[in-house]
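Below: work_19.cif (mmCIF, C-alpha atoms and all ligand atoms)
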```cif
data_entry
loop_
_atom_site.label_atom_id
_atom_site.label_comp_id
_atom_site.auth_asym_id
_atom_site.auth_seq_id
_atom_site.Cartn_x
_atom_site.Cartn_y
_atom_site.Cartn_z
CA MET A 26 3.38 14.95 -7.50
CA GLN A 27 0.51 12.44 -7.34
CA ARG A 28 2.98 9.87 -8.64
CA LEU A 29 4.64 9.83 -5.22
CA THR A 30 1.54 8.50 -3.45
CA ASN A 31 2.43 5.27 -1.62
CA ARG A 32 5.97 5.20 -3.07
CA GLN A 33 8.69 3.86 -0.80
CA ILE A 34 11.76 6.04 -1.04
CA VAL A 35 15.15 5.50 0.55
CA LEU A 36 16.57 9.02 0.90
CA GLY A 37 20.37 8.88 1.12
CA ILE A 38 22.17 11.91 2.54
CA THR A 39 25.91 12.33 2.07
CA GLY A 40 28.28 14.95 3.51
CA GLY A 41 27.75 18.44 2.14
CA ILE A 42 26.31 21.74 3.25
CA ALA A 43 23.24 21.14 1.05
CA ALA A 44 22.27 18.37 3.53
CA TYR A 45 20.18 20.96 5.38
CA LYS A 46 17.88 21.02 2.34
CA SER A 47 17.25 17.27 2.74
CA ALA A 48 15.04 18.10 5.72
CA GLU A 49 12.72 20.11 3.49
CA LEU A 50 12.93 17.46 0.77
CA THR A 51 11.75 14.82 3.26
CA ARG A 52 8.79 17.00 4.22
CA ILE A 53 7.81 17.47 0.56
CA LEU A 54 8.13 13.77 -0.30
CA LYS A 55 6.06 12.80 2.75
CA GLY A 56 3.50 15.50 2.00
CA ALA A 57 3.09 14.00 -1.49
CA GLY A 58 2.24 10.62 0.06
CA ALA A 59 5.62 8.85 -0.08
CA ASP A 60 7.03 6.76 2.75
CA VAL A 61 10.61 7.91 3.37
CA ARG A 62 13.43 6.00 5.11
CA VAL A 63 16.56 8.06 5.62
CA VAL A 64 20.08 6.66 5.32
CA MET A 65 22.94 8.99 6.32
CA THR A 66 26.67 8.64 5.78
CA ALA A 67 28.96 9.52 8.68
CA ALA A 68 29.88 12.82 6.98
CA ALA A 69 26.21 13.75 6.52
CA THR A 70 25.68 13.63 10.29
CA GLU A 71 28.24 16.44 10.62
CA PHE A 72 25.89 18.71 8.68
CA ILE A 73 22.42 17.71 9.93
CA THR A 74 21.42 15.56 12.88
CA PRO A 75 19.84 12.13 12.52
CA LEU A 76 17.30 13.28 15.11
CA THR A 77 16.02 15.99 12.76
CA MET A 78 15.69 13.47 9.96
CA GLN A 79 14.02 10.93 12.25
CA ALA A 80 11.45 13.50 13.36
CA LEU A 81 10.67 14.51 9.78
CA SER A 82 10.61 11.04 8.22
CA GLY A 83 8.82 9.42 11.16
CA HIS A 84 11.28 6.52 11.15
CA GLN A 85 14.57 5.70 12.76
CA VAL A 86 17.49 6.91 10.64
CA HIS A 87 19.84 4.22 9.27
CA GLN A 88 23.55 5.00 9.61
CA HIS A 89 25.67 1.90 10.03
CA LEU A 90 26.28 -1.12 7.84
CA LEU A 91 27.17 -3.53 10.59
CA ASP A 92 24.67 -2.61 13.26
CA PRO A 93 23.23 -5.83 14.78
CA GLU A 94 20.14 -4.00 16.02
CA ALA A 95 19.36 -2.46 12.64
CA GLU A 96 20.09 -5.70 10.80
CA ALA A 97 17.58 -7.50 13.01
CA GLY A 98 14.98 -4.87 12.09
CA MET A 99 15.38 -3.33 8.66
CA GLY A 100 18.92 -4.09 7.51
CA HIS A 101 20.65 -3.11 4.28
CA ILE A 102 19.14 -5.88 2.17
CA GLU A 103 15.63 -5.21 3.44
CA LEU A 104 16.04 -1.50 2.75
CA ALA A 105 17.36 -2.27 -0.73
CA LYS A 106 14.35 -4.50 -1.43
CA TRP A 107 11.86 -2.17 0.25
CA ALA A 108 12.80 0.82 -1.90
CA ASP A 109 10.82 1.84 -4.98
CA MET A 110 13.58 4.43 -5.49
CA VAL A 111 16.93 5.23 -3.87
CA LEU A 112 17.25 9.02 -4.00
CA ILE A 113 20.55 10.50 -2.85
CA ALA A 114 20.44 14.21 -2.09
CA PRO A 115 22.94 15.69 -1.68
CA ALA A 116 25.33 13.35 -3.50
CA SER A 117 28.92 14.44 -2.82
CA ALA A 118 31.85 14.07 -5.25
CA ASP A 119 33.30 11.36 -3.03
CA PHE A 120 30.03 9.44 -2.94
CA MET A 121 29.70 9.58 -6.74
CA ALA A 122 33.26 8.25 -7.08
CA ARG A 123 32.63 5.41 -4.66
CA LEU A 124 29.31 4.52 -6.26
CA ASP A 125 30.84 4.51 -9.73
CA ASN A 126 33.57 2.18 -8.53
CA GLY A 127 31.12 -0.28 -7.00
CA HIS A 128 32.24 0.23 -3.41
CA GLY A 129 30.24 -1.36 -0.62
CA ASN A 130 32.07 0.03 2.36
CA ASP A 131 29.17 1.82 4.05
CA LEU A 132 25.42 1.38 4.36
CA LEU A 133 24.43 3.69 1.51
CA THR A 134 26.79 2.26 -1.13
CA THR A 135 25.78 -1.27 -0.08
CA ILE A 136 22.10 -0.44 -0.52
CA CYS A 137 22.89 0.93 -3.99
CA LEU A 138 24.68 -2.30 -4.89
CA ALA A 139 21.86 -4.47 -3.56
CA THR A 140 18.83 -2.61 -4.86
CA GLU A 141 16.91 -3.25 -8.06
CA ALA A 142 15.11 0.07 -7.67
CA PRO A 143 16.16 3.09 -9.74
CA ILE A 144 19.00 5.13 -8.22
CA VAL A 145 18.73 8.91 -8.53
CA LEU A 146 21.40 11.42 -7.49
CA ALA A 147 21.17 15.14 -6.81
CA PRO A 148 24.86 16.15 -6.89
CA ALA A 149 26.03 19.03 -4.70
CA MET A 150 29.57 20.28 -4.45
CA ASN A 151 31.89 23.22 -5.05
CA GLN A 152 31.96 24.31 -8.71
CA ALA A 153 35.64 23.40 -9.14
CA MET A 154 35.01 19.92 -7.74
CA TRP A 155 32.07 19.47 -10.13
CA ARG A 156 34.15 20.64 -13.10
CA ASP A 157 37.04 18.38 -12.16
CA PRO A 158 37.62 15.93 -15.04
CA GLN A 159 37.46 12.92 -12.72
CA THR A 160 34.08 14.00 -11.28
CA GLN A 161 32.82 14.63 -14.82
CA ALA A 162 34.02 11.18 -15.89
CA ASN A 163 32.27 9.64 -12.86
CA ALA A 164 29.04 11.50 -13.66
CA ARG A 165 29.09 10.25 -17.28
CA SER A 166 29.89 6.72 -16.20
CA LEU A 167 27.06 6.69 -13.63
CA GLN A 168 24.60 7.89 -16.28
CA GLN A 169 25.73 5.10 -18.59
CA LYS A 170 24.83 2.70 -15.79
CA ASN A 171 21.28 4.11 -15.84
CA ILE A 172 21.76 6.13 -12.69
CA ARG A 173 19.84 9.41 -13.04
CA LEU A 174 21.43 12.70 -12.15
CA LEU A 175 19.14 15.60 -11.21
CA GLY A 176 21.04 18.85 -11.70
CA PRO A 177 23.26 20.21 -10.35
CA GLY A 178 22.10 23.80 -10.65
CA VAL A 179 24.25 26.82 -11.37
CA GLY A 180 24.57 29.78 -9.02
CA GLU A 181 26.00 31.14 -5.85
CA GLN A 182 27.59 28.55 -3.59
CA ALA A 183 27.95 28.31 0.19
CA CYS A 184 31.74 28.70 -0.16
CA GLY A 185 31.32 32.03 -1.96
CA ASP A 186 32.07 30.70 -5.48
CA THR A 187 29.59 30.94 -8.31
CA GLY A 188 29.10 28.20 -10.89
CA PRO A 189 27.68 24.70 -11.41
CA GLY A 190 27.41 22.37 -8.42
CA ARG A 191 24.49 23.74 -6.39
CA MET A 192 22.00 21.10 -5.36
CA LEU A 193 18.61 21.63 -7.01
CA GLU A 194 15.91 23.04 -4.74
CA PRO A 195 13.93 20.39 -2.82
CA THR A 196 10.72 21.07 -4.80
CA GLN A 197 12.59 20.54 -8.09
CA ILE A 198 14.14 17.30 -6.83
CA ALA A 199 10.78 15.99 -5.59
CA GLN A 200 9.05 16.91 -8.87
CA GLN A 201 11.73 15.33 -11.05
CA ALA A 202 11.80 12.21 -8.87
CA ALA A 203 8.00 11.99 -9.11
CA ASP A 204 8.16 12.22 -12.92
CA LEU A 205 10.30 9.06 -12.98
CA PHE A 206 7.40 7.00 -11.63
CA ASP A 207 4.50 5.76 -13.73
CA LEU A 208 1.15 7.08 -12.72
CA GLY A 209 -0.51 4.21 -10.77
CA LEU A 210 -3.74 2.86 -12.24
CA LEU A 211 -5.65 4.01 -9.16
CA CYS A 212 -3.55 7.06 -8.44
CA GLY A 213 -5.39 9.45 -6.11
CA LYS A 214 -8.50 7.22 -5.89
CA ARG A 215 -10.04 6.31 -2.55
CA VAL A 216 -10.79 2.61 -2.20
CA PHE A 217 -12.70 1.01 0.70
CA ILE A 218 -12.31 -2.75 1.14
CA THR A 219 -14.21 -4.95 3.59
CA ALA A 220 -12.37 -8.13 4.56
CA GLY A 221 -12.47 -11.15 6.82
CA PRO A 222 -15.39 -12.62 8.75
CA THR A 223 -17.76 -10.90 11.14
CA ARG A 224 -18.46 -12.14 14.66
CA GLU A 225 -21.98 -11.96 15.97
CA ALA A 226 -21.99 -12.13 19.75
CA LEU A 227 -24.37 -14.45 21.64
CA ASP A 228 -23.10 -13.47 25.07
CA PRO A 229 -19.86 -11.98 26.43
CA VAL A 230 -17.85 -15.12 25.52
CA ARG A 231 -19.58 -16.74 22.53
CA TYR A 232 -20.20 -15.73 18.95
CA ILE A 233 -21.35 -16.96 15.54
CA SER A 234 -18.74 -16.60 12.78
CA ASN A 235 -17.19 -18.34 9.77
CA HIS A 236 -13.81 -19.52 8.47
CA SER A 237 -12.93 -16.52 6.29
CA SER A 238 -9.19 -15.78 6.63
CA GLY A 239 -9.32 -12.28 5.11
CA LYS A 240 -6.41 -13.19 2.78
CA MET A 241 -8.19 -12.14 -0.42
CA GLY A 242 -9.28 -8.76 1.00
CA TYR A 243 -5.83 -8.02 2.43
CA ALA A 244 -4.18 -8.99 -0.89
CA LEU A 245 -6.60 -6.65 -2.70
CA ALA A 246 -5.69 -3.86 -0.28
CA GLU A 247 -1.96 -4.38 -1.01
CA ALA A 248 -2.58 -4.39 -4.76
CA ALA A 249 -4.72 -1.23 -4.61
CA ILE A 250 -2.02 0.51 -2.52
CA ASP A 251 0.59 -0.51 -5.10
CA ALA A 252 -1.65 0.98 -7.79
CA GLY A 253 -1.51 4.32 -5.97
CA ALA A 254 -4.90 4.26 -4.24
CA GLN A 255 -5.61 5.61 -0.78
CA VAL A 256 -7.03 2.52 0.87
CA THR A 257 -9.30 2.07 3.89
CA LEU A 258 -9.46 -1.57 4.97
CA ILE A 259 -12.48 -2.40 7.10
CA SER A 260 -11.51 -5.67 8.64
CA GLY A 261 -13.23 -8.29 10.74
CA PRO A 262 -11.08 -10.32 13.16
CA VAL A 263 -8.23 -11.99 11.22
CA ASN A 264 -4.68 -13.17 11.89
CA LEU A 265 -2.99 -11.04 9.27
CA PRO A 266 -0.60 -8.11 9.66
CA ALA A 267 -2.10 -4.77 8.64
CA PRO A 268 -0.78 -3.58 5.28
CA GLN A 269 1.45 -0.53 5.46
CA ARG A 270 0.37 2.80 3.95
CA CYS A 271 -3.29 2.00 4.60
CA GLU A 272 -5.97 3.01 7.09
CA VAL A 273 -7.28 -0.05 8.91
CA ILE A 274 -10.60 0.04 10.77
CA ARG A 275 -11.06 -3.06 12.91
CA VAL A 276 -14.60 -4.24 13.55
CA GLU A 277 -16.30 -7.34 14.89
CA SER A 278 -19.98 -7.43 13.93
CA ALA A 279 -21.79 -6.81 10.64
CA GLU A 280 -23.44 -3.73 12.11
CA GLN A 281 -20.05 -2.29 13.07
CA MET A 282 -18.76 -3.13 9.58
CA LEU A 283 -21.70 -1.28 8.03
CA ASP A 284 -21.14 1.78 10.26
CA ALA A 285 -17.43 1.84 9.40
CA SER A 286 -18.21 1.41 5.68
CA LEU A 287 -20.63 4.33 5.64
CA GLN A 288 -18.22 6.66 7.45
CA ASN A 289 -16.81 8.99 4.78
CA ILE A 290 -18.49 6.94 2.03
CA SER A 291 -19.08 10.14 0.05
CA GLN A 292 -15.29 10.30 -0.50
CA CYS A 293 -15.06 6.69 -1.67
CA ASP A 294 -14.50 6.07 -5.40
CA ILE A 295 -14.43 2.26 -5.35
CA PHE A 296 -15.99 -0.04 -2.74
CA ILE A 297 -14.87 -3.67 -2.70
CA ALA A 298 -16.84 -6.02 -0.44
CA SER A 299 -14.73 -9.11 0.11
CA ALA A 300 -15.85 -9.72 3.70
CA ALA A 301 -17.74 -12.87 4.58
CA VAL A 302 -20.48 -11.13 6.50
CA ALA A 303 -22.67 -13.28 8.76
CA ASP A 304 -26.16 -13.29 7.27
CA TYR A 305 -27.84 -13.39 10.68
CA ARG A 306 -27.05 -12.28 14.23
CA PRO A 307 -28.68 -13.21 17.55
CA VAL A 308 -31.78 -11.12 18.24
CA SER A 309 -30.20 -10.00 21.51
CA ILE A 310 -26.83 -10.40 23.20
CA ALA A 311 -27.09 -11.91 26.69
CA GLU A 312 -25.58 -9.60 29.27
CA HIS A 313 -23.94 -12.48 31.14
CA LYS A 314 -22.56 -15.82 29.99
CA MET A 315 -25.51 -18.07 29.15
CA LYS A 316 -25.85 -21.02 31.54
CA LYS A 317 -26.23 -24.62 30.45
CA GLY A 318 -29.85 -25.68 31.10
CA ASN A 319 -31.52 -29.10 31.30
CA GLU A 320 -33.01 -28.86 27.78
CA GLU A 321 -31.53 -31.14 25.11
CA ILE A 322 -32.28 -28.63 22.41
CA MET A 323 -31.55 -24.97 22.60
CA GLU A 324 -33.17 -22.48 20.30
CA LEU A 325 -31.43 -19.42 19.06
CA HIS A 326 -33.40 -16.55 17.64
CA LEU A 327 -31.60 -14.80 14.83
CA VAL A 328 -32.35 -11.65 12.92
CA LYS A 329 -31.09 -10.74 9.46
CA ASN A 330 -27.99 -8.57 9.26
CA PRO A 331 -27.92 -5.50 7.03
CA ASP A 332 -26.48 -6.18 3.60
CA ILE A 333 -23.44 -3.89 3.58
CA VAL A 334 -22.57 -3.96 -0.11
CA ALA A 335 -26.23 -3.59 -1.16
CA THR A 336 -26.62 -0.63 1.21
CA VAL A 337 -23.56 1.07 -0.32
CA ALA A 338 -24.72 0.26 -3.87
CA GLY A 339 -28.15 1.67 -3.03
CA LEU A 340 -26.80 5.11 -2.14
CA GLU A 341 -27.82 7.97 -4.38
CA ARG A 342 -24.18 8.79 -5.17
CA LYS A 343 -22.83 5.29 -5.02
CA PRO A 344 -19.16 4.45 -5.52
CA PHE A 345 -18.15 1.90 -8.16
CA THR A 346 -19.21 -1.17 -6.21
CA VAL A 347 -17.65 -4.63 -6.38
CA GLY A 348 -18.99 -7.69 -4.58
CA PHE A 349 -17.93 -11.29 -4.17
CA ALA A 350 -20.08 -14.37 -4.63
CA ALA A 351 -19.08 -17.67 -3.09
CA GLU A 352 -21.14 -20.37 -4.75
CA THR A 353 -21.14 -24.16 -4.88
CA GLN A 354 -23.09 -24.59 -8.14
CA ASN A 355 -24.23 -22.56 -11.17
CA VAL A 356 -21.55 -20.10 -10.12
CA VAL A 357 -21.88 -17.60 -12.98
CA THR A 358 -25.69 -17.65 -13.13
CA TYR A 359 -26.04 -17.04 -9.39
CA ALA A 360 -23.37 -14.33 -9.50
CA GLN A 361 -25.20 -12.56 -12.34
CA GLY A 362 -28.41 -12.64 -10.28
CA LYS A 363 -26.59 -11.18 -7.27
CA LEU A 364 -25.01 -8.48 -9.42
CA VAL A 365 -28.42 -7.23 -10.52
CA ARG A 366 -30.18 -7.73 -7.15
CA LYS A 367 -27.53 -5.83 -5.21
CA ASN A 368 -27.03 -3.17 -7.92
CA LEU A 369 -23.30 -3.95 -8.21
CA ASP A 370 -20.96 -2.87 -11.01
CA LEU A 371 -18.85 -6.01 -10.85
CA ILE A 372 -18.97 -9.30 -9.02
CA ILE A 373 -16.14 -11.74 -8.43
CA ALA A 374 -17.48 -15.26 -8.26
CA ASN A 375 -15.72 -18.27 -6.88
CA ASP A 376 -16.61 -21.90 -6.60
CA VAL A 377 -16.26 -22.79 -2.93
CA SER A 378 -17.12 -26.44 -3.55
CA ARG A 379 -13.50 -26.88 -4.70
CA SER A 380 -11.21 -27.73 -1.78
CA ASP A 381 -8.05 -26.28 -3.43
CA ILE A 382 -9.32 -22.69 -3.48
CA GLY A 383 -11.37 -20.20 -1.49
CA PHE A 384 -11.64 -19.92 2.29
CA ASN A 385 -8.32 -20.04 4.11
CA SER A 386 -6.43 -21.20 1.02
CA ASP A 387 -3.50 -19.18 -0.38
CA ASP A 388 -4.82 -19.72 -3.91
CA ASN A 389 -7.99 -18.81 -5.67
CA ALA A 390 -9.58 -19.05 -9.12
CA VAL A 391 -12.43 -16.70 -9.88
CA THR A 392 -14.76 -15.50 -12.60
CA VAL A 393 -15.28 -11.77 -12.95
CA VAL A 394 -18.84 -10.99 -13.95
CA SER A 395 -20.18 -7.61 -15.10
CA ARG A 396 -23.48 -6.82 -16.83
CA HIS A 397 -22.00 -7.60 -20.23
CA HIS A 398 -18.93 -9.73 -19.65
CA VAL A 399 -17.88 -12.97 -18.02
CA LYS A 400 -14.11 -13.41 -17.62
CA PRO A 401 -12.62 -16.43 -15.87
CA LEU A 402 -9.22 -15.94 -14.20
CA PRO A 403 -7.30 -19.19 -13.72
CA LEU A 404 -5.95 -20.59 -10.46
CA SER A 405 -3.16 -18.48 -9.00
CA SER A 406 -2.00 -17.15 -5.65
CA LYS A 407 -4.34 -14.69 -3.98
CA ARG A 408 -1.58 -12.04 -4.28
CA GLN A 409 -1.22 -12.50 -8.04
CA LEU A 410 -4.95 -12.67 -8.49
CA ALA A 411 -5.40 -9.49 -6.45
CA GLY A 412 -3.10 -7.63 -8.88
CA GLN A 413 -5.13 -8.84 -11.87
CA LEU A 414 -8.42 -8.00 -10.16
CA ILE A 415 -7.29 -4.49 -9.28
CA GLU A 416 -6.26 -3.95 -12.93
CA MET A 417 -9.69 -5.12 -14.12
CA ILE A 418 -11.53 -3.07 -11.50
CA ALA A 419 -9.49 0.04 -12.42
CA SER A 420 -10.24 -0.36 -16.12
CA GLN A 421 -13.99 -0.99 -15.58
CA TYR A 422 -14.12 1.95 -13.16
CA GLU A 423 -12.54 4.20 -15.77
CA THR A 424 -15.03 3.07 -18.44
CA ALA A 425 -17.94 3.67 -16.05
CA GLU A 426 -16.66 7.18 -15.29
CA GLU A 427 -16.43 8.16 -18.98
O1 LIG B 501 -25.49 -12.54 -0.55
P1 LIG B 501 -24.09 -13.00 -0.40
O2 LIG B 501 -23.64 -13.10 1.05
O3 LIG B 501 -23.75 -14.23 -1.16
O4 LIG B 501 -23.25 -11.84 -1.09
C1 LIG B 501 -21.88 -11.80 -1.04
C2 LIG B 501 -21.42 -10.39 -1.24
O5 LIG B 501 -22.17 -9.49 -0.44
C3 LIG B 501 -19.99 -10.20 -0.76
O6 LIG B 501 -19.42 -9.19 -1.54
C4 LIG B 501 -20.17 -9.79 0.69
O7 LIG B 501 -19.05 -9.06 1.17
C5 LIG B 501 -21.41 -8.93 0.60
N1 LIG B 501 -22.26 -8.94 1.79
C6 LIG B 501 -22.38 -7.79 2.55
N2 LIG B 501 -23.20 -7.76 3.63
C7 LIG B 501 -23.90 -8.86 3.97
C8 LIG B 501 -23.79 -10.04 3.23
C9 LIG B 501 -22.94 -10.05 2.14
O8 LIG B 501 -21.72 -6.79 2.22
N3 LIG B 501 -24.69 -8.83 5.03
#
```

Can the structure in the file be given as structure tokens, please?
Amino acid sequence: MQRLTNRQIVLGITGGIAAYKSAELTRILKGAGADVRVVMTAAATEFITPLTMQALSGHQVHQHLLDPEAEAGMGHIELAKWADMVLIAPASADFMARLDNGHGNDLLTTICLATEAPIVLAPAMNQAMWRDPQTQANARSLQQKNIRLLGPGVGEQACGDTGPGRMLEPTQIAQQAADLFDLGLLCGKRVFITAGPTREALDPVRYISNHSSGKMGYALAEAAIDAGAQVTLISGPVNLPAPQRCEVIRVESAEQMLDASLQNISQCDIFIASAAVADYRPVSIAEHKMKKGNEEIMELHLVKNPDIVATVAGLERKPFTVGFAAETQNVVTYAQGKLVRKNLDLIIANDVSRSDIGFNSDDNAVTVVSRHHVKPLPLSSKRQLAGQLIEMIASQYETAEE
């Protein structure tokens, strides 16, 4: 079920006695690493309470199409876009008929109309209703529209009948849903990413820092999450929202960033150092705000900060380690030197003398340098670039592991 890691699943529940099994299904999907948002039809709420589903999914349950409060938060279009899969279990005969006819008269059918994600149904109904020629015609028609049907199973039914129409067991549904996803490139891998600047305090109100926005590191975190990795983002102070489905450790100074990086480092498979760490910090931090004196010149005494990425790469059991190199000249040559000096597996070099890329910009162009290869990646958005970089890192990591 590794394929469910980080997947975003809208779980639709329609009216049927099998709805009680959706509680267990939610638990299994969540346990396998998926994020589950539950949408219930009015009939479903007669069989299982939204409160139960809220407690199990960890999110408010969505029930109404025209709910101003929900639309202001996550409305039907957002849910449709958010979903990697819309899984409807149980899917009643009535729901299948409405879906096949393109209805959009409640929240769940509207999400199905609006989504580009795969739609998967686990039908559940009385055996005679399942055998009914109209239901059979609907089932065939839905399959022709690329909607997947899981089951139904055959056996004893809640009404006392025996035959086809039982909803599959939650473990079977979760497994079959998982099999519909590709295995992410970094599925099951633990990735640590440092991002943003560090702040080195001079006194309680002043610090030394730099202009790093953290955008590249945050984009890399998103891309690694999408590739199925379990991501820990160790972030200096930035103005960016924390990515979902990711552990975020917020730090200020380089020393704090090092401590956070070394926590659980033995579990880390890939370490990506995109943070712009201050090279030096004040020798001591004044206890109180420093007062203006009469001197025209003020001297600051600085001491070198630990090199975080070099420390990680120097560990006996080091993770696959990736660094960044911001250079203004001889970009590739300097990056190659840094790669060797810091014992890195890969270094991503960028030319910060160009004003259109780098710090604070939404775009970047980089050159990926390993011991044997130099590969330039042309100018693109940091998001797009992050996807390409994660693909390259995953493939180099795999080669190194072989
Ligand atoms: O030596 P330089 O600062 O150019 O190296 C840049 C690379 O080293 C980046 O990957 C950066 O995140 C990392 N670094 C670090 N700790 C430092 C300085 C840089 O991890 N103290």

Centre, x/y/z edge lengths, axis-aligned box for ligand LIG 501 (chain B) with 6 Å per side, as AutoDock Vina command-line options:
```
--center_x -22.3 --center_y -10.5 --center_z 1.7 --size_x 18.4 --size_y 19.4 --size_z 18.6
```

Produce a table with one row for each residue of chain A that has an atom at most 7 Å from any atom of ligand LIG 501 (chain B), each row naming the nearest atom pair and its distance in Å at one decimal; use all atoms listed in the file; arrange rows by chain and rising residue number; format as a Markdown table.
```
| residue | atom | partner | partner_atom | distance |
| --- | --- | --- | --- | --- |
| A:Thr219 | CA | B:LIG501 | O7 | 6.8 |
| A:Ala279 | CA | B:LIG501 | N3 | 6.6 |
| A:Ala298 | CA | B:LIG501 | O7 | 4.1 |
| A:Ser299 | CA | B:LIG501 | O7 | 4.4 |
| A:Ala300 | CA | B:LIG501 | O7 | 4.1 |
| A:Ala301 | CA | B:LIG501 | O7 | 5.3 |
| A:Val302 | CA | B:LIG501 | C8 | 4.8 |
| A:Ala303 | CA | B:LIG501 | N3 | 6.1 |
| A:Asp304 | CA | B:LIG501 | N3 | 5.2 |
| A:Asn330 | CA | B:LIG501 | N3 | 5.4 |
| A:Pro331 | CA | B:LIG501 | N3 | 5.1 |
| A:Asp332 | CA | B:LIG501 | N3 | 3.5 |
| A:Ile333 | CA | B:LIG501 | O8 | 3.6 |
| A:Val334 | CA | B:LIG501 | O8 | 3.8 |
| A:Ala335 | CA | B:LIG501 | O8 | 6.5 |
| A:Val347 | CA | B:LIG501 | O6 | 6.9 |
| A:Gly348 | CA | B:LIG501 | O6 | 3.4 |
| A:Phe349 | CA | B:LIG501 | O6 | 3.7 |
| A:Ala350 | CA | B:LIG501 | C1 | 4.8 |
| A:Ala351 | CA | B:LIG501 | O3 | 6.1 |
| A:Lys363 | CA | B:LIG501 | O1 | 6.9 |
```

Could those selected residues go to a file with C-alpha atoms, as a PDB file, in the frame of the given file?
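File selection00.pdb, as written:
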```
ATOM      1  CA  THR A 219     -14.210  -4.950   3.590  1.00  0.00           C
ATOM      2  CA  ALA A 279     -21.790  -6.810  10.640  1.00  0.00           C
ATOM      3  CA  ALA A 298     -16.840  -6.020  -0.440  1.00  0.00           C
ATOM      4  CA  SER A 299     -14.730  -9.110   0.110  1.00  0.00           C
ATOM      5  CA  ALA A 300     -15.850  -9.720   3.700  1.00  0.00           C
ATOM      6  CA  ALA A 301     -17.740 -12.870   4.580  1.00  0.00           C
ATOM      7  CA  VAL A 302     -20.480 -11.130   6.500  1.00  0.00           C
ATOM      8  CA  ALA A 303     -22.670 -13.280   8.760  1.00  0.00           C
ATOM      9  CA  ASP A 304     -26.160 -13.290   7.270  1.00  0.00           C
ATOM     10  CA  ASN A 330     -27.990  -8.570   9.260  1.00  0.00           C
ATOM     11  CA  PRO A 331     -27.920  -5.500   7.030  1.00  0.00           C
ATOM     12  CA  ASP A 332     -26.480  -6.180   3.600  1.00  0.00           C
ATOM     13  CA  ILE A 333     -23.440  -3.890   3.580  1.00  0.00           C
ATOM     14  CA  VAL A 334     -22.570  -3.960  -0.110  1.00  0.00           C
ATOM     15  CA  ALA A 335     -26.230  -3.590  -1.160  1.00  0.00           C
ATOM     16  CA  VAL A 347     -17.650  -4.630  -6.380  1.00  0.00           C
ATOM     17  CA  GLY A 348     -18.990  -7.690  -4.580  1.00  0.00           C
ATOM     18  CA  PHE A 349     -17.930 -11.290  -4.170  1.00  0.00           C
ATOM     19  CA  ALA A 350     -20.080 -14.370  -4.630  1.00  0.00           C
ATOM     20  CA  ALA A 351     -19.080 -17.670  -3.090  1.00  0.00           C
ATOM     21  CA  LYS A 363     -26.590 -11.180  -7.270  1.00  0.00           C
TER      22      LYS A 363
END
```

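Note that the spacing between atom CA of A:Ala411 and atom CA of A:Ile250 amounts to 11.3 Å.
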
Point out the residue among A:Lys55, A:Lys314, A:Lys407, A:Lys214 with the least atom-to-atom distance to A:Lys240, counting only C-alpha atoms.
A:Lys407

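Of the listed residues A:Arg52, A:His313, A:Lys329, A:His87, the one whose atoms come nearest to A:Leu227 is A:His313, with distances taken using all atoms listed in the file.
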
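The spacing separating atom CA of A:Ile34 from atom CA of A:Val179 amounts to 26.4 Å.
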
Write out as a ChimeraX atom specification the residues lying within 12 Å of A:Val393, counting only C-alpha atoms and excluding same-chain residues fewer than 5 positions away.
/A:347-350,356-358,360-361,364,370-375,398-403,410,413-418,421

Only C-alpha atoms, please: the residues just picked out, written as a tab-separated table (two decimals), in the frame of the given file.
```tsv
chain	number	residue	atom	x	y	z
A	347	VAL	CA	-17.65	-4.63	-6.38
A	348	GLY	CA	-18.99	-7.69	-4.58
A	349	PHE	CA	-17.93	-11.29	-4.17
A	350	ALA	CA	-20.08	-14.37	-4.63
A	356	VAL	CA	-21.55	-20.10	-10.12
A	357	VAL	CA	-21.88	-17.60	-12.98
A	358	THR	CA	-25.69	-17.65	-13.13
A	360	ALA	CA	-23.37	-14.33	-9.50
A	361	GLN	CA	-25.20	-12.56	-12.34
A	364	LEU	CA	-25.01	-8.48	-9.42
A	370	ASP	CA	-20.96	-2.87	-11.01
A	371	LEU	CA	-18.85	-6.01	-10.85
A	372	ILE	CA	-18.97	-9.30	-9.02
A	373	ILE	CA	-16.14	-11.74	-8.43
A	374	ALA	CA	-17.48	-15.26	-8.26
A	375	ASN	CA	-15.72	-18.27	-6.88
A	398	HIS	CA	-18.93	-9.73	-19.65
A	399	VAL	CA	-17.88	-12.97	-18.02
A	400	LYS	CA	-14.11	-13.41	-17.62
A	401	PRO	CA	-12.62	-16.43	-15.87
A	402	LEU	CA	-9.22	-15.94	-14.20
A	403	PRO	CA	-7.30	-19.19	-13.72
A	410	LEU	CA	-4.95	-12.67	-8.49
A	413	GLN	CA	-5.13	-8.84	-11.87
A	414	LEU	CA	-8.42	-8.00	-10.16
A	415	ILE	CA	-7.29	-4.49	-9.28
A	416	GLU	CA	-6.26	-3.95	-12.93
A	417	MET	CA	-9.69	-5.12	-14.12
A	418	ILE	CA	-11.53	-3.07	-11.50
A	421	GLN	CA	-13.99	-0.99	-15.58
```
